[in-house]
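S.K.: My questions will all concern the structure given below.
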Amino acid sequence: MKFPSFSLRTKIILSFLLVIIFGGLLSLVTGSRLIKNTLISQSQDKVRHDLSAAWMVYNEKLNDIKEIVSLTADRESLHDYLKNQRYDILQKYLNRVREDWGLDILTLTDHSGEVLVRTRNPQIAGDDQSQDEIIRWALKRGVVAHSQIVSREELIKEGEDLADKAYFKFIPTPKAVERPENEETSGMILKAAASVVDEDNDLLGVLYGGILLSRDYTIVDRVKEIVYKGAQYNGVETGTATIFQHDLRVSTNVPTTEGGRAIGTRVSKEVNDAVLIEGKPWIDRAFVVNDWYITAYEPIKNIRDEIIGILYVGVLEQPYLDTANRVMASFGLIAVLMVFLLLVILYFSTDRIIKPLHRMVEATEKISQGDLSHKVEVTSSDEIGYLADSFNKMTTDLETANAKLIDWGKTLEKKVEERTQELTKMQAHLIQSEKLASIGKLAAGVAHEINNPLGGVLIYSHLLLEDTEKDSLQYENLKKIVKETSRCKDIVRGLLDFARPKDPDMSQIDINEIVEKSLYIVEGQSLFQNIRIQKNYSSDRPRIVGDNSQLQQVFMNIILNAAEAMDGDGTISITTSHNSGEKYIDVLFQDTGLGIQDEDLKRLFEPFFTTKEVGKGTGLGLAISYSIIQKHQGTIEVSSQTDQGATFTVRLPAKRKADEF
Ligand SMILES: Nc1ncnc2c1ncn2[C@@H]1O[C@H](COP(=O)(O)OP(=O)(O)OP(=O)(O)O)[C@@H](O)[C@H]1O
Ligand SMILES: [Mg+2]
């Protein structure tokens with residue numbers, strides 16, 4: 001799989017984004033959990049307090065009933081009427097008390113628990129209430145108040161309307177516990193009973209009174225009023241309170257969807273199990289009727305400490321959730337803004353990194369195209385600045401190295417050229433030497449063979465000449481024979497000189513002196529009458545080691561050749577010089593003669609090469625000179641251009657001592 005190639009900036013921004021989004025989501029999730037949990041636990045704390053307040057209202061009501069019953073039972077007039085059996089007056093009196101104080105029931109029994117006066121339902125009297133646990137307690141003297149479940153039968157006795165008020169047909173409730181019955185006939189009553197005792201402390205009877213909680217909303221509405229102060233959310237009251245008879249809502253302000261009170265519905269199974277069966281308080285979120293509430297439930301117990309119902313308070317969960325969501329939404333908005341801000345900052349800060357990098361890439365391109373003088377302009381003093389500095393330093397070094405290389409290249413080329421020239425010269429010398437050596441061998445062989453017979457011819461022709469009359473015809477012919485044979489003898493000697501030159505007789509000599517001696521010998525000849533000699537002698541010259549007469553022979557031949565080439569009219573310049581290291585001495589002979597043609601230059605040092613007419617030159621002069629200079633470990637060179645004269649250069653090693661040869 002190939003990933004698309006992103007720019008450096010995109011990569012940096014993407015990695016930052018990844019971290020931010022991941023981190024942001026993580027903190028949003030944990031944050032929302034934290035906020036929800038905090039809000040819910042706070043609301044649970046609140047609802048726990050609300051439940052305590054509800055208990056206060058509940059118990060206050062119970063105490064009120066207890067007070068009324070107790071105070072009424074203590075009234076002396078009541079005692080008097082009771083002693084005098086004035087039940088009609090008692091009926092009126094107690095009925096007024098009941099109505100004044102809003103009690104549902106107020107009933108008087110005798111000291112055995114038999115009903116004497118039943119204010120709400122006067123027709124029914126004489127029944128025995130001594131089995132009722134609250135009455136039984138009061139018969140033992142004292143005042144007692146408690147919640148109590150009263151059967152329909154008992155309720156009918158107190159008033160049929162009360163029994164009807166207590167009757168509920170169960171409204172089907174999801175999540176409620178399955179029950180075999182589908183109605184509730186008994187009712188839950190807040191009931192107080194007080195013993196009626198005369199001044200002699202004789203028990204005259206028991207007065208009991210109470211209110212039926214079923215469909216009586218005084219307590220729950222008061223709880224709502226005191227605790228929640230009618231707080232609303234979206235038109236719905238948030239705080240609710242309920243009194244359950246067992247699991248049945250008998251008094252509540254939890255609304256139904258139609259807006260009524262949700263009486264007749266039942267509590268959910270989990271609350272039922274926790275509160276009614278296990279007797280524990282329940283504080284948690286719960287689905288009440290048709291909405292989620294944060295709730296608190298606690299069991300209501302009767303005088304025997306048996307659980308007979310539940311007191312409940314709860315607040316709508318929605319406002320808390322909405323608050324949490326609002327907080328989260330603000331967090332989210334802030335997070336998005338921060339991401340946006342960060343992106344902007346990232347964009348500009350990556351710009352500071354990427355621009356110099358681009359400049360460096362441009363620079364490398366320019367450098368690769370050969371522009372080594374190009375510099376990167378980065379002024380920042382961070383890592384990028386250092387990088388640019390190093391880069392610039394590197395290009396400067398590269399430039400210097402390159403310049404050096406070019407220099408070296410040039411020097412190398414020059415050196416190669418020089419060496420090549422030297423090599424070519426050496427090769428030419430070598431060829432020349434080999435050529436001369438082979439010709440020399442051949443010539444020497446021939447000369448040796450010819451020399452002796454020639455000696456014989458010369459001797460006998462001399463003898464013949466001596467014996468011949470000077471006037472005779474043979475005399476002139478013999479003279480010619482002697483002359484030509486002598487010439488042959490000279491040639492043969494020259495040949496032998498060239499081929500087997502005598503070993504030089506070395507001594508320390510001054511080159512200028514040799515040149516002078518050579519000139520001295522030739523200058524006397526008629527050929528030199530019209531020739532000017534120009535001398536440029538080096539004054540501070542090293543002495544050389546060489547054979548006096550042999551070198552003289554060489555110089556004489558060169559001077560004579562020059563004079564002959566100028567046909568006796570011109571200038572011969574003779575220059576002696578030495579190089580700075582005093583390793584060799586040069587002797588230059590320049591003439592203003594005819595010069596030498598190119599094709600002749602190559603053959604100049606060959607024996608018998610001559611341009612002179614037969615009999616005038618042997619063509620051995622330069623060949624012999626060459627072999628002499630070679631013996632002196634020197635060189636002889638010629639340069640010439642037609643009609644511009646010729647230059648012969650004899651180079652001899654400058655040696656201070658004779659034994660260095
Ligand atoms: N300075 C010069 N200018 C022009 N040509 C020259 C010069 N020196 C030598 N030569 C040519 O080189 C030839 C060979 O010279 P070399 O001295 O070997 O023999 P030669 O002078 O002809 O005879 P020899 O020297 O034996 O009398 C000459 O014949 C001449 O043509
Ligand atoms: Mg010559």
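Lettering and numbering for the structure tokens are positional, with chains as A, B, ... in the shown order, residues counted from 1 in each chain, and ligands counted from 1 in the shown order.
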Compute the set of protein, DNA and RNA residues whose minimum atom distance to ligand 2 is at most 10 Å, using only C-alpha atoms and all ligand atoms, and state it as a PyMOL selection string.

M.R.: chain A and resi 554+556-565+609-612+616-625

S.K.: Only C-alpha atoms, please: the residues just picked out, written as a PDB file, in the first residue's frame.

M.R.:
ATOM      1  CA  VAL A 554      82.477  20.763 -33.233  1.00  0.00           C
ATOM      2  CA  MET A 556      84.594  25.035 -35.976  1.00  0.00           C
ATOM      3  CA  ASN A 557      82.371  22.837 -38.117  1.00  0.00           C
ATOM      4  CA  ILE A 558      79.259  24.766 -37.031  1.00  0.00           C
ATOM      5  CA  ILE A 559      80.909  28.154 -37.683  1.00  0.00           C
ATOM      6  CA  LEU A 560      82.213  26.977 -41.063  1.00  0.00           C
ATOM      7  CA  ASN A 561      78.797  25.613 -42.044  1.00  0.00           C
ATOM      8  CA  ALA A 562      77.244  28.975 -41.100  1.00  0.00           C
ATOM      9  CA  ALA A 563      79.786  30.898 -43.147  1.00  0.00           C
ATOM     10  CA  GLU A 564      79.200  28.601 -46.104  1.00  0.00           C
ATOM     11  CA  ALA A 565      75.423  28.931 -45.751  1.00  0.00           C
ATOM     12  CA  PHE A 609      74.193  14.263 -45.769  1.00  0.00           C
ATOM     13  CA  THR A 610      75.374  17.350 -47.591  1.00  0.00           C
ATOM     14  CA  THR A 611      73.968  19.893 -49.927  1.00  0.00           C
ATOM     15  CA  LYS A 612      77.392  20.946 -51.051  1.00  0.00           C
ATOM     16  CA  LYS A 616      83.338  20.328 -51.431  1.00  0.00           C
ATOM     17  CA  GLY A 617      81.724  18.708 -48.418  1.00  0.00           C
ATOM     18  CA  THR A 618      81.735  15.149 -47.121  1.00  0.00           C
ATOM     19  CA  GLY A 619      78.567  15.492 -45.091  1.00  0.00           C
ATOM     20  CA  LEU A 620      80.331  14.086 -42.060  1.00  0.00           C
ATOM     21  CA  GLY A 621      80.866  17.339 -40.113  1.00  0.00           C
ATOM     22  CA  LEU A 622      77.582  17.373 -38.191  1.00  0.00           C
ATOM     23  CA  ALA A 623      77.482  13.581 -37.811  1.00  0.00           C
ATOM     24  CA  ILE A 624      80.890  13.622 -36.099  1.00  0.00           C
ATOM     25  CA  SER A 625      79.829  16.684 -34.026  1.00  0.00           C
TER      26      SER A 625
END

S.K.: Kindly assemble as a tab-separated table a list of the range 533-623 of chain A residues that lie within 8 Å of range 424-437 of chain A, each paired with its nearest atom pair and their distance in Å to one decimal, using only C-alpha atoms, sorted first by chain and then by ascending residue number.

M.R.:
residue	atom	partner	partner_atom	distance
A:Phe605	CA	A:Gln432	CA	7.9
A:Glu606	CA	A:Leu436	CA	6.4
A:Pro607	CA	A:Leu436	CA	7.5
A:Ala623	CA	A:Leu436	CA	7.8

S.K.: May I have a table of the residues of range 566-624 of chain A lying at most 12 Å from range 504-528 of chain A, giving each one's closest pair of atoms and their distance in Å to one decimal, counting only C-alpha atoms, ordered by chain and ascending residue number, as CSV?

M.R.:
residue,atom,partner,partner_atom,distance
A:Met566,CA,A:Leu527,CA,9.8
A:Asp567,CA,A:Leu527,CA,7.9
A:Gly568,CA,A:Leu527,CA,5.1
A:Asp569,CA,A:Phe528,CA,7.8
A:Gly570,CA,A:Phe528,CA,9.4
A:Thr571,CA,A:Phe528,CA,10.1
A:Ile572,CA,A:Phe528,CA,10.3
A:Ser573,CA,A:Val515,CA,11.7
A:Ile574,CA,A:Val515,CA,8.5
A:Thr575,CA,A:Asn512,CA,9.3
A:Thr576,CA,A:Asn512,CA,7.2
A:Ser577,CA,A:Ile511,CA,9.8
A:His578,CA,A:Ile511,CA,10.8
A:Tyr584,CA,A:Ile511,CA,11.3
A:Ile585,CA,A:Ile511,CA,8.3
A:Asp586,CA,A:Ile511,CA,9.4
A:Val587,CA,A:Ile511,CA,8.3
A:Leu588,CA,A:Val515,CA,10.6
A:Phe589,CA,A:Val515,CA,10.4

S.K.: Do a neighbour search on range 74-78 of chain A at 9 Å with only C-alpha atoms, toss out local chain neighbours closer than 2 positions, and write the hits as a PyMOL selection string.

M.R.: chain A and resi 69-72+80-83+90+93-94+194-199

S.K.: Mind pulling up the distance from CA of Trp55 in chain A to CA of Gln318 in chain A?

M.R.: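 Between CA of Gln318 in chain A and CA of Trp55 in chain A the gap is 25.0 Å.
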
S.K.: Which of range 522-579 of chain A end up as helix (DSSP H, G or I) when DSSP is run on this backbone - answer as a PDB file with C-alpha atoms, in the first residue's frame?

M.R.:
ATOM      1  CA  VAL A 522      88.659  29.757 -38.984  1.00  0.00           C
ATOM      2  CA  GLU A 523      88.689  33.568 -39.060  1.00  0.00           C
ATOM      3  CA  SER A 526      89.203  34.226 -46.966  1.00  0.00           C
ATOM      4  CA  LEU A 527      85.615  33.042 -46.507  1.00  0.00           C
ATOM      5  CA  PHE A 528      85.368  35.121 -43.339  1.00  0.00           C
ATOM      6  CA  ASN A 548      89.354  20.673 -25.692  1.00  0.00           C
ATOM      7  CA  SER A 549      90.160  19.715 -29.287  1.00  0.00           C
ATOM      8  CA  GLN A 550      86.977  17.674 -29.891  1.00  0.00           C
ATOM      9  CA  LEU A 551      84.716  20.545 -28.783  1.00  0.00           C
ATOM     10  CA  GLN A 552      86.832  22.896 -30.853  1.00  0.00           C
ATOM     11  CA  GLN A 553      86.237  20.591 -33.843  1.00  0.00           C
ATOM     12  CA  VAL A 554      82.477  20.763 -33.233  1.00  0.00           C
ATOM     13  CA  PHE A 555      82.334  24.562 -32.962  1.00  0.00           C
ATOM     14  CA  MET A 556      84.594  25.035 -35.976  1.00  0.00           C
ATOM     15  CA  ASN A 557      82.371  22.837 -38.117  1.00  0.00           C
ATOM     16  CA  ILE A 558      79.259  24.766 -37.031  1.00  0.00           C
ATOM     17  CA  ILE A 559      80.909  28.154 -37.683  1.00  0.00           C
ATOM     18  CA  LEU A 560      82.213  26.977 -41.063  1.00  0.00           C
ATOM     19  CA  ASN A 561      78.797  25.613 -42.044  1.00  0.00           C
ATOM     20  CA  ALA A 562      77.244  28.975 -41.100  1.00  0.00           C
ATOM     21  CA  ALA A 563      79.786  30.898 -43.147  1.00  0.00           C
ATOM     22  CA  GLU A 564      79.200  28.601 -46.104  1.00  0.00           C
ATOM     23  CA  ALA A 565      75.423  28.931 -45.751  1.00  0.00           C
TER      24      ALA A 565
END

S.K.: For Leu601 in chain A, work out the shell of residues within 9 Å, counting only C-alpha atoms and skipping chain neighbours fewer than 6 positions away, then give it as a ChimeraX atom specification.

M.R.: /A:638-640
